[in-house]
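As provided, model.pdb (PDB, C-alpha atoms and all ligand atoms) reads as follows.
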```
ATOM      1  CA  MET A   1       0.000   0.000   0.000  1.00  0.00           C
ATOM      2  CA  SER A   2       1.607   3.269  -1.011  1.00  0.00           C
ATOM      3  CA  ARG A   3       0.788   6.372   0.938  1.00  0.00           C
ATOM      4  CA  LYS A   4       1.984   9.662  -0.520  1.00  0.00           C
ATOM      5  CA  PRO A   5       4.225  11.384   2.040  1.00  0.00           C
ATOM      6  CA  LEU A   6       2.927  14.647   3.452  1.00  0.00           C
ATOM      7  CA  ILE A   7       5.186  17.323   4.938  1.00  0.00           C
ATOM      8  CA  ALA A   8       3.146  19.861   6.881  1.00  0.00           C
ATOM      9  CA  GLY A   9       4.263  23.149   8.402  1.00  0.00           C
ATOM     10  CA  ASN A  10       2.435  24.521  11.437  1.00  0.00           C
ATOM     11  CA  TRP A  11       3.289  28.179  11.813  1.00  0.00           C
ATOM     12  CA  LYS A  12       1.353  28.550  15.083  1.00  0.00           C
ATOM     13  CA  MET A  13       0.980  32.175  16.323  1.00  0.00           C
ATOM     14  CA  ASN A  14       3.822  33.544  14.231  1.00  0.00           C
ATOM     15  CA  LEU A  15       4.357  35.903  11.261  1.00  0.00           C
ATOM     16  CA  THR A  16       2.644  39.020   9.995  1.00  0.00           C
ATOM     17  CA  VAL A  17       0.777  38.870   6.693  1.00  0.00           C
ATOM     18  CA  ALA A  18       3.773  40.184   4.743  1.00  0.00           C
ATOM     19  CA  GLU A  19       6.210  37.800   6.466  1.00  0.00           C
ATOM     20  CA  ALA A  20       3.899  34.844   5.900  1.00  0.00           C
ATOM     21  CA  ALA A  21       3.426  35.627   2.201  1.00  0.00           C
ATOM     22  CA  ALA A  22       7.177  35.951   1.685  1.00  0.00           C
ATOM     23  CA  LEU A  23       7.926  32.664   3.464  1.00  0.00           C
ATOM     24  CA  ALA A  24       5.163  30.877   1.543  1.00  0.00           C
ATOM     25  CA  ALA A  25       6.474  32.155  -1.802  1.00  0.00           C
ATOM     26  CA  SER A  26       9.956  30.961  -0.975  1.00  0.00           C
ATOM     27  CA  ILE A  27       8.684  27.514   0.076  1.00  0.00           C
ATOM     28  CA  ALA A  28       6.575  27.286  -3.102  1.00  0.00           C
ATOM     29  CA  GLU A  29       9.683  28.051  -5.128  1.00  0.00           C
ATOM     30  CA  GLY A  30      11.519  25.245  -3.325  1.00  0.00           C
ATOM     31  CA  CYS A  31       8.893  22.630  -4.104  1.00  0.00           C
ATOM     32  CA  ARG A  32       8.395  23.238  -7.792  1.00  0.00           C
ATOM     33  CA  ASN A  33       8.106  19.996  -9.796  1.00  0.00           C
ATOM     34  CA  LEU A  34       7.418  17.855  -6.734  1.00  0.00           C
ATOM     35  CA  THR A  35       5.027  15.059  -7.602  1.00  0.00           C
ATOM     36  CA  ASP A  36       5.920  12.240  -5.219  1.00  0.00           C
ATOM     37  CA  ARG A  37       5.030  14.077  -1.995  1.00  0.00           C
ATOM     38  CA  GLU A  38       2.538  16.607  -0.718  1.00  0.00           C
ATOM     39  CA  VAL A  39       3.159  19.812   1.199  1.00  0.00           C
ATOM     40  CA  MET A  40       0.807  21.642   3.558  1.00  0.00           C
ATOM     41  CA  LEU A  41       1.155  25.020   5.263  1.00  0.00           C
ATOM     42  CA  ALA A  42      -0.921  26.163   8.232  1.00  0.00           C
ATOM     43  CA  PRO A  43      -0.502  29.934   8.654  1.00  0.00           C
ATOM     44  CA  PRO A  44      -2.355  31.949  11.293  1.00  0.00           C
ATOM     45  CA  TYR A  45      -5.898  32.876  10.177  1.00  0.00           C
ATOM     46  CA  THR A  46      -4.933  36.456   9.390  1.00  0.00           C
ATOM     47  CA  ALA A  47      -2.437  35.332   6.748  1.00  0.00           C
ATOM     48  CA  LEU A  48      -4.490  32.584   5.090  1.00  0.00           C
ATOM     49  CA  ALA A  49      -5.664  34.619   2.103  1.00  0.00           C
ATOM     50  CA  ALA A  50      -2.227  36.091   1.420  1.00  0.00           C
ATOM     51  CA  VAL A  51      -0.532  32.693   1.705  1.00  0.00           C
ATOM     52  CA  THR A  52      -3.099  31.102  -0.609  1.00  0.00           C
ATOM     53  CA  ALA A  53      -2.303  33.786  -3.185  1.00  0.00           C
ATOM     54  CA  ALA A  54       1.444  33.375  -2.689  1.00  0.00           C
ATOM     55  CA  VAL A  55       1.429  29.623  -3.382  1.00  0.00           C
ATOM     56  CA  LYS A  56      -1.079  29.675  -6.251  1.00  0.00           C
ATOM     57  CA  GLY A  57      -0.200  27.132  -8.932  1.00  0.00           C
ATOM     58  CA  SER A  58       2.086  25.130  -6.630  1.00  0.00           C
ATOM     59  CA  VAL A  59       1.442  21.748  -5.010  1.00  0.00           C
ATOM     60  CA  ILE A  60       1.063  23.352  -1.571  1.00  0.00           C
ATOM     61  CA  GLN A  61      -2.206  22.862   0.270  1.00  0.00           C
ATOM     62  CA  ILE A  62      -3.350  25.403   2.835  1.00  0.00           C
ATOM     63  CA  ALA A  63      -4.713  24.535   6.276  1.00  0.00           C
ATOM     64  CA  GLY A  64      -6.329  26.298   9.199  1.00  0.00           C
ATOM     65  CA  GLN A  65      -4.912  25.668  12.679  1.00  0.00           C
ATOM     66  CA  ASN A  66      -8.369  24.962  14.094  1.00  0.00           C
ATOM     67  CA  VAL A  67     -11.986  25.309  12.980  1.00  0.00           C
ATOM     68  CA  GLY A  68     -15.528  25.671  14.314  1.00  0.00           C
ATOM     69  CA  TRP A  69     -18.193  23.120  13.369  1.00  0.00           C
ATOM     70  CA  GLU A  70     -21.073  25.281  12.162  1.00  0.00           C
ATOM     71  CA  LYS A  71     -21.357  27.175   8.897  1.00  0.00           C
ATOM     72  CA  GLU A  72     -21.971  30.472  10.714  1.00  0.00           C
ATOM     73  CA  GLY A  73     -23.499  31.854  13.868  1.00  0.00           C
ATOM     74  CA  ALA A  74     -22.942  33.286  17.341  1.00  0.00           C
ATOM     75  CA  TYR A  75     -19.549  31.760  18.168  1.00  0.00           C
ATOM     76  CA  THR A  76     -17.315  34.693  19.093  1.00  0.00           C
ATOM     77  CA  GLY A  77     -13.689  33.995  18.322  1.00  0.00           C
ATOM     78  CA  GLU A  78     -14.322  31.018  16.038  1.00  0.00           C
ATOM     79  CA  ILE A  79     -13.755  30.577  12.305  1.00  0.00           C
ATOM     80  CA  SER A  80     -16.158  28.358  10.350  1.00  0.00           C
ATOM     81  CA  PRO A  81     -15.219  25.611   7.884  1.00  0.00           C
ATOM     82  CA  VAL A  82     -16.936  27.597   5.144  1.00  0.00           C
ATOM     83  CA  MET A  83     -14.758  30.621   5.950  1.00  0.00           C
ATOM     84  CA  LEU A  84     -11.620  28.479   5.803  1.00  0.00           C
ATOM     85  CA  ARG A  85     -12.627  27.141   2.398  1.00  0.00           C
ATOM     86  CA  ASP A  86     -13.470  30.662   1.280  1.00  0.00           C
ATOM     87  CA  VAL A  87      -9.840  31.777   1.783  1.00  0.00           C
ATOM     88  CA  GLY A  88      -8.427  28.742   0.017  1.00  0.00           C
ATOM     89  CA  ALA A  89      -7.848  26.231   2.812  1.00  0.00           C
ATOM     90  CA  THR A  90      -8.534  22.573   2.086  1.00  0.00           C
ATOM     91  CA  MET A  91      -7.147  21.131   5.308  1.00  0.00           C
ATOM     92  CA  VAL A  92      -7.223  21.856   9.044  1.00  0.00           C
ATOM     93  CA  ILE A  93      -5.116  20.903  12.064  1.00  0.00           C
ATOM     94  CA  LEU A  94      -7.265  19.665  14.963  1.00  0.00           C
ATOM     95  CA  GLY A  95      -6.542  18.586  18.515  1.00  0.00           C
ATOM     96  CA  HIS A  96      -3.045  20.046  18.640  1.00  0.00           C
ATOM     97  CA  SER A  97      -1.593  19.623  22.118  1.00  0.00           C
ATOM     98  CA  GLU A  98      -1.412  23.396  22.522  1.00  0.00           C
ATOM     99  CA  ARG A  99      -5.192  23.481  22.012  1.00  0.00           C
ATOM    100  CA  ARG A 100      -5.654  20.584  24.412  1.00  0.00           C
ATOM    101  CA  TYR A 101      -3.397  21.797  27.218  1.00  0.00           C
ATOM    102  CA  ILE A 102      -3.272  25.605  26.974  1.00  0.00           C
ATOM    103  CA  PHE A 103      -6.875  26.094  25.838  1.00  0.00           C
ATOM    104  CA  ALA A 104      -8.451  23.088  27.562  1.00  0.00           C
ATOM    105  CA  GLU A 105      -9.982  21.535  24.438  1.00  0.00           C
ATOM    106  CA  ASP A 106     -11.208  18.063  25.302  1.00  0.00           C
ATOM    107  CA  ASP A 107     -11.898  15.076  23.079  1.00  0.00           C
ATOM    108  CA  GLU A 108     -15.611  15.856  22.863  1.00  0.00           C
ATOM    109  CA  LEU A 109     -14.915  19.336  21.493  1.00  0.00           C
ATOM    110  CA  ILE A 110     -12.203  18.065  19.158  1.00  0.00           C
ATOM    111  CA  ASN A 111     -14.617  15.431  17.857  1.00  0.00           C
ATOM    112  CA  ARG A 112     -17.241  18.090  17.136  1.00  0.00           C
ATOM    113  CA  ARG A 113     -14.702  20.159  15.238  1.00  0.00           C
ATOM    114  CA  LEU A 114     -13.515  17.111  13.323  1.00  0.00           C
ATOM    115  CA  VAL A 115     -16.974  15.980  12.245  1.00  0.00           C
ATOM    116  CA  GLY A 116     -17.767  19.584  11.253  1.00  0.00           C
ATOM    117  CA  ALA A 117     -14.583  19.828   9.196  1.00  0.00           C
ATOM    118  CA  LEU A 118     -15.404  16.594   7.367  1.00  0.00           C
ATOM    119  CA  ASN A 119     -18.993  17.693   6.725  1.00  0.00           C
ATOM    120  CA  PHE A 120     -17.690  20.783   4.974  1.00  0.00           C
ATOM    121  CA  ALA A 121     -15.116  18.849   2.940  1.00  0.00           C
ATOM    122  CA  LEU A 122     -12.014  19.911   4.834  1.00  0.00           C
ATOM    123  CA  THR A 123      -9.287  17.312   5.397  1.00  0.00           C
ATOM    124  CA  PRO A 124      -8.486  17.111   9.109  1.00  0.00           C
ATOM    125  CA  VAL A 125      -5.001  16.514  10.445  1.00  0.00           C
ATOM    126  CA  LEU A 126      -5.898  15.084  13.842  1.00  0.00           C
ATOM    127  CA  CYS A 127      -3.116  15.422  16.434  1.00  0.00           C
ATOM    128  CA  ILE A 128      -2.803  13.001  19.308  1.00  0.00           C
ATOM    129  CA  GLY A 129       0.001  12.436  21.769  1.00  0.00           C
ATOM    130  CA  GLU A 130       0.968  11.525  25.298  1.00  0.00           C
ATOM    131  CA  THR A 131       2.576  13.786  27.914  1.00  0.00           C
ATOM    132  CA  LEU A 132       5.906  12.947  29.549  1.00  0.00           C
ATOM    133  CA  ASP A 133       4.131  11.797  32.740  1.00  0.00           C
ATOM    134  CA  GLU A 134       1.874   9.503  30.734  1.00  0.00           C
ATOM    135  CA  ARG A 135       4.844   7.991  28.893  1.00  0.00           C
ATOM    136  CA  GLU A 136       6.792   7.482  32.111  1.00  0.00           C
ATOM    137  CA  GLU A 137       3.901   5.783  33.858  1.00  0.00           C
ATOM    138  CA  GLY A 138       3.513   3.437  30.888  1.00  0.00           C
ATOM    139  CA  SER A 139       0.124   4.642  29.670  1.00  0.00           C
ATOM    140  CA  THR A 140       1.153   5.925  26.220  1.00  0.00           C
ATOM    141  CA  PHE A 141      -0.884   3.381  24.244  1.00  0.00           C
ATOM    142  CA  LYS A 142      -3.909   3.689  26.494  1.00  0.00           C
ATOM    143  CA  VAL A 143      -3.941   7.485  26.155  1.00  0.00           C
ATOM    144  CA  LEU A 144      -3.513   7.403  22.382  1.00  0.00           C
ATOM    145  CA  GLU A 145      -6.236   4.813  21.903  1.00  0.00           C
ATOM    146  CA  ARG A 146      -8.642   6.823  24.065  1.00  0.00           C
ATOM    147  CA  GLN A 147      -7.933  10.024  22.133  1.00  0.00           C
ATOM    148  CA  LEU A 148      -8.318   8.288  18.772  1.00  0.00           C
ATOM    149  CA  ARG A 149     -11.567   6.506  19.594  1.00  0.00           C
ATOM    150  CA  ARG A 150     -13.220   9.586  21.104  1.00  0.00           C
ATOM    151  CA  ASP A 151     -11.971  12.058  18.516  1.00  0.00           C
ATOM    152  CA  LEU A 152     -13.097   9.811  15.648  1.00  0.00           C
ATOM    153  CA  GLU A 153     -16.559   9.004  16.981  1.00  0.00           C
ATOM    154  CA  ASP A 154     -19.286   9.142  14.302  1.00  0.00           C
ATOM    155  CA  VAL A 155     -16.799   9.451  11.449  1.00  0.00           C
ATOM    156  CA  ARG A 156     -18.089   7.430   8.510  1.00  0.00           C
ATOM    157  CA  PRO A 157     -15.669   5.203   6.573  1.00  0.00           C
ATOM    158  CA  GLY A 158     -16.366   7.201   3.390  1.00  0.00           C
ATOM    159  CA  GLN A 159     -15.156  10.357   5.153  1.00  0.00           C
ATOM    160  CA  ALA A 160     -12.211   8.706   6.878  1.00  0.00           C
ATOM    161  CA  GLU A 161     -10.425   8.166   3.579  1.00  0.00           C
ATOM    162  CA  ARG A 162      -9.363  11.810   3.705  1.00  0.00           C
ATOM    163  CA  LEU A 163      -8.234  11.739   7.309  1.00  0.00           C
ATOM    164  CA  VAL A 164      -4.616  12.377   8.354  1.00  0.00           C
ATOM    165  CA  ILE A 165      -3.360  11.533  11.850  1.00  0.00           C
ATOM    166  CA  ALA A 166      -0.368  13.261  13.462  1.00  0.00           C
ATOM    167  CA  TYR A 167       1.380  11.555  16.353  1.00  0.00           C
ATOM    168  CA  GLU A 168       2.925  14.333  18.411  1.00  0.00           C
ATOM    169  CA  PRO A 169       4.341  13.280  21.769  1.00  0.00           C
ATOM    170  CA  VAL A 170       3.794  16.366  23.930  1.00  0.00           C
ATOM    171  CA  TRP A 171       7.269  16.008  25.461  1.00  0.00           C
ATOM    172  CA  ALA A 172       8.839  16.364  22.005  1.00  0.00           C
ATOM    173  CA  ILE A 173       7.044  19.521  20.865  1.00  0.00           C
ATOM    174  CA  GLY A 174       9.261  22.583  20.797  1.00  0.00           C
ATOM    175  CA  THR A 175      11.691  20.944  23.213  1.00  0.00           C
ATOM    176  CA  GLY A 176      14.369  19.809  20.790  1.00  0.00           C
ATOM    177  CA  LYS A 177      13.770  16.245  22.061  1.00  0.00           C
ATOM    178  CA  THR A 178      12.628  14.085  19.166  1.00  0.00           C
ATOM    179  CA  ALA A 179      11.205  10.626  19.658  1.00  0.00           C
ATOM    180  CA  THR A 180      13.681   8.114  18.262  1.00  0.00           C
ATOM    181  CA  ARG A 181      12.671   6.597  14.960  1.00  0.00           C
ATOM    182  CA  GLU A 182      12.047   3.317  16.773  1.00  0.00           C
ATOM    183  CA  GLN A 183       9.802   4.982  19.383  1.00  0.00           C
ATOM    184  CA  ALA A 184       7.832   6.761  16.662  1.00  0.00           C
ATOM    185  CA  GLN A 185       7.499   3.665  14.461  1.00  0.00           C
ATOM    186  CA  GLU A 186       6.277   1.592  17.417  1.00  0.00           C
ATOM    187  CA  VAL A 187       3.529   4.126  18.128  1.00  0.00           C
ATOM    188  CA  HIS A 188       2.581   4.622  14.467  1.00  0.00           C
ATOM    189  CA  TYR A 189       2.192   0.861  14.075  1.00  0.00           C
ATOM    190  CA  PHE A 190      -0.025   0.830  17.158  1.00  0.00           C
ATOM    191  CA  ILE A 191      -2.130   3.734  15.830  1.00  0.00           C
ATOM    192  CA  ARG A 192      -2.647   1.918  12.539  1.00  0.00           C
ATOM    193  CA  GLY A 193      -3.863  -1.078  14.528  1.00  0.00           C
ATOM    194  CA  VAL A 194      -6.448   1.050  16.354  1.00  0.00           C
ATOM    195  CA  LEU A 195      -7.542   2.574  13.024  1.00  0.00           C
ATOM    196  CA  THR A 196      -8.025  -0.962  11.715  1.00  0.00           C
ATOM    197  CA  GLU A 197     -10.405  -1.652  14.599  1.00  0.00           C
ATOM    198  CA  VAL A 198     -12.240   1.676  14.271  1.00  0.00           C
ATOM    199  CA  PHE A 199     -12.598   1.418  10.473  1.00  0.00           C
ATOM    200  CA  GLU A 200     -11.213  -1.582   8.612  1.00  0.00           C
ATOM    201  CA  LYS A 201      -7.853  -2.830   7.419  1.00  0.00           C
ATOM    202  CA  LYS A 202      -7.774  -1.465   3.885  1.00  0.00           C
ATOM    203  CA  LEU A 203      -8.844   1.980   5.011  1.00  0.00           C
ATOM    204  CA  ALA A 204      -6.410   1.985   7.946  1.00  0.00           C
ATOM    205  CA  GLN A 205      -3.610   1.086   5.540  1.00  0.00           C
ATOM    206  CA  SER A 206      -4.415   4.111   3.397  1.00  0.00           C
ATOM    207  CA  ILE A 207      -4.543   6.721   6.197  1.00  0.00           C
ATOM    208  CA  ARG A 208      -1.376   8.767   6.550  1.00  0.00           C
ATOM    209  CA  ILE A 209       0.184   9.032   9.988  1.00  0.00           C
ATOM    210  CA  LEU A 210       2.592  11.948  10.410  1.00  0.00           C
ATOM    211  CA  TYR A 211       5.166  12.316  13.152  1.00  0.00           C
ATOM    212  CA  GLY A 212       5.536  15.695  14.867  1.00  0.00           C
ATOM    213  CA  GLY A 213       7.775  17.017  17.632  1.00  0.00           C
ATOM    214  CA  SER A 214      11.143  18.690  16.973  1.00  0.00           C
ATOM    215  CA  VAL A 215      11.390  17.463  13.390  1.00  0.00           C
ATOM    216  CA  LYS A 216      14.381  19.114  11.732  1.00  0.00           C
ATOM    217  CA  PRO A 217      16.655  18.701   8.707  1.00  0.00           C
ATOM    218  CA  GLU A 218      18.959  16.481  10.795  1.00  0.00           C
ATOM    219  CA  ASN A 219      16.357  13.860  11.724  1.00  0.00           C
ATOM    220  CA  ILE A 220      13.812  13.829   8.899  1.00  0.00           C
ATOM    221  CA  ASP A 221      15.592  11.265   6.708  1.00  0.00           C
ATOM    222  CA  SER A 222      15.818   8.626   9.413  1.00  0.00           C
ATOM    223  CA  LEU A 223      12.226   9.172  10.580  1.00  0.00           C
ATOM    224  CA  MET A 224      10.925   8.853   7.015  1.00  0.00           C
ATOM    225  CA  ALA A 225      12.757   5.565   6.572  1.00  0.00           C
ATOM    226  CA  GLU A 226      10.298   3.872   8.969  1.00  0.00           C
ATOM    227  CA  PRO A 227       7.461   1.995   7.271  1.00  0.00           C
ATOM    228  CA  ASP A 228       4.563   3.569   9.198  1.00  0.00           C
ATOM    229  CA  ILE A 229       5.849   7.160   9.263  1.00  0.00           C
ATOM    230  CA  ASP A 230       4.136   8.840   6.333  1.00  0.00           C
ATOM    231  CA  GLY A 231       5.258  12.403   6.798  1.00  0.00           C
ATOM    232  CA  ALA A 232       5.888  15.104   9.362  1.00  0.00           C
ATOM    233  CA  LEU A 233       4.120  17.948  11.112  1.00  0.00           C
ATOM    234  CA  VAL A 234       6.771  20.589  11.643  1.00  0.00           C
ATOM    235  CA  GLY A 235       6.620  23.624  13.936  1.00  0.00           C
ATOM    236  CA  GLY A 236       9.821  25.566  14.635  1.00  0.00           C
ATOM    237  CA  ALA A 237      11.729  24.305  11.595  1.00  0.00           C
ATOM    238  CA  ALA A 238       8.832  25.291   9.307  1.00  0.00           C
ATOM    239  CA  LEU A 239       9.392  28.999   9.998  1.00  0.00           C
ATOM    240  CA  LYS A 240      12.527  29.218   7.857  1.00  0.00           C
ATOM    241  CA  SER A 241      12.428  28.332   4.179  1.00  0.00           C
ATOM    242  CA  GLU A 242      15.906  26.735   4.161  1.00  0.00           C
ATOM    243  CA  SER A 243      15.121  24.255   6.916  1.00  0.00           C
ATOM    244  CA  PHE A 244      11.578  23.533   5.754  1.00  0.00           C
ATOM    245  CA  ASN A 245      12.678  23.037   2.147  1.00  0.00           C
ATOM    246  CA  ARG A 246      15.319  20.597   3.324  1.00  0.00           C
ATOM    247  CA  ILE A 247      12.673  18.689   5.286  1.00  0.00           C
ATOM    248  CA  ILE A 248      10.373  18.626   2.244  1.00  0.00           C
ATOM    249  CA  HIS A 249      13.232  17.162   0.220  1.00  0.00           C
ATOM    250  CA  PHE A 250      13.893  14.297   2.644  1.00  0.00           C
ATOM    251  CA  SER A 251      15.433  11.254   1.089  1.00  0.00           C
TER     252      SER A 251
HETATM  253  P1  LIG B 301       7.953  21.588  16.791  1.00  0.00           P
HETATM  254  O1  LIG B 301       6.355  21.654  16.792  1.00  0.00           O
HETATM  255  O2  LIG B 301       8.364  21.056  15.442  1.00  0.00           O
HETATM  256  O3  LIG B 301       8.390  22.997  17.017  1.00  0.00           O
HETATM  257  O4  LIG B 301       8.346  20.664  17.904  1.00  0.00           O
HETATM  258  C1  LIG B 301       5.586  20.650  16.179  1.00  0.00           C
HETATM  259  C2  LIG B 301       4.116  20.939  16.347  1.00  0.00           C
HETATM  260  O5  LIG B 301       3.720  21.489  17.386  1.00  0.00           O
HETATM  261  O6  LIG B 301       3.302  20.637  15.448  1.00  0.00           O
END
```
When written as structure tokens, how does the structure in this file appear?
Amino acid sequence: MSRKPLIAGNWKMNLTVAEAAALAASIAEGCRNLTDREVMLAPPYTALAAVTAAVKGSVIQIAGQNVGWEKEGAYTGEISPVMLRDVGATMVILGHSERRYIFAEDDELINRRLVGALNFALTPVLCIGETLDEREEGSTFKVLERQLRRDLEDVRPGQAERLVIAYEPVWAIGTGKTATREQAQEVHYFIRGVLTEVFEKKLAQSIRILYGGSVKPENIDSLMAEPDIDGALVGGAALKSESFNRIIHFS
């Protein structure tokens, strides 16, 4: 089963509109002629339209960093899936650990957002991951399975084809500590097993599972060599075109 690798950049709460457009243009330049991999950029909401314009005609897909579940309405501070599509986004990051731990988003809320995103034809990149305490007490698999099952409730198999999962151990995000390739592969294999139970084998084999957490030019090649690592979700190293372009061009 071949899964097309996906390299995704999560810009978090960084960059003005002008800075974002310039970075996006430089990344687009670096991935001209790429056909064997996909690239996604998730700018802050304010820069979505400018980034969409800057990458026009390239292979880059644009994503929101979160999304509401209704088309419109009284939800102060939220952005709807229709609004994301309107500015050119086709994908959306959901359940990022910063949403879970800084903004107290729980699995029920993440599930609502995810079902909403799918209903409006956005491709979700669902992030899951254990904290350092959870890893040390040996509950990594239990935590990941719980997150997956709750976040994916009511997702129909026909919709799940578009789904992307990102395994992001919380202890590896922004810390410079990457999971070893063996640690990541072990978890990705486990996640694919849970997806097989939630959906079915063929579908689970086609869903891409990205690794995220201190991915950089120095570790991307070895991570991508693992059979169940289908790409990367990159934070810090996605904010500079040289490092992100190198990650895109992993070998
Ligand atoms: P990092 O962030 O690459 O800076 O560790 C990854 C993420 O939060 O998606």
### Task
Pull out every residue that the PyMOL selection byres (((not hetatm)) within 9 of (chain B and resi 301)) matches in the shown coordinates and put them as a PyMOL selection string.
chain A and resi 8-12+96-98+127+166+168+170-178+211-216+232-238
### Message
Which residues are near Leu163 (chain A)? Cut-off 9 Å, only C-alpha atoms, ignore same chain within fewer than 4 positions. Put them as an MDAnalysis selection string.
### Response
chainID A and resid 118 123:126 159 207:208
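Proximity to Arg246 (chain A) was assessed for A:Thr52, A:Gly30, A:Val115, A:Leu15 counting all atoms listed in the file; the smallest distance is recorded for A:Gly30.
Of note, CA of His188 (chain A) and CA of Glu38 (chain A) are spaced 19.3 Å apart.
You can rank A:Gln185, A:Thr46, A:Ser58, A:Ser222 by their closest distance to Leu84 (chain A) using all atoms listed in the file, and at the top of that list sits A:Thr46.
One distance worth recording is that between CA of Tyr189 (chain A) and CA of Arg135 (chain A), which is 16.7 Å.
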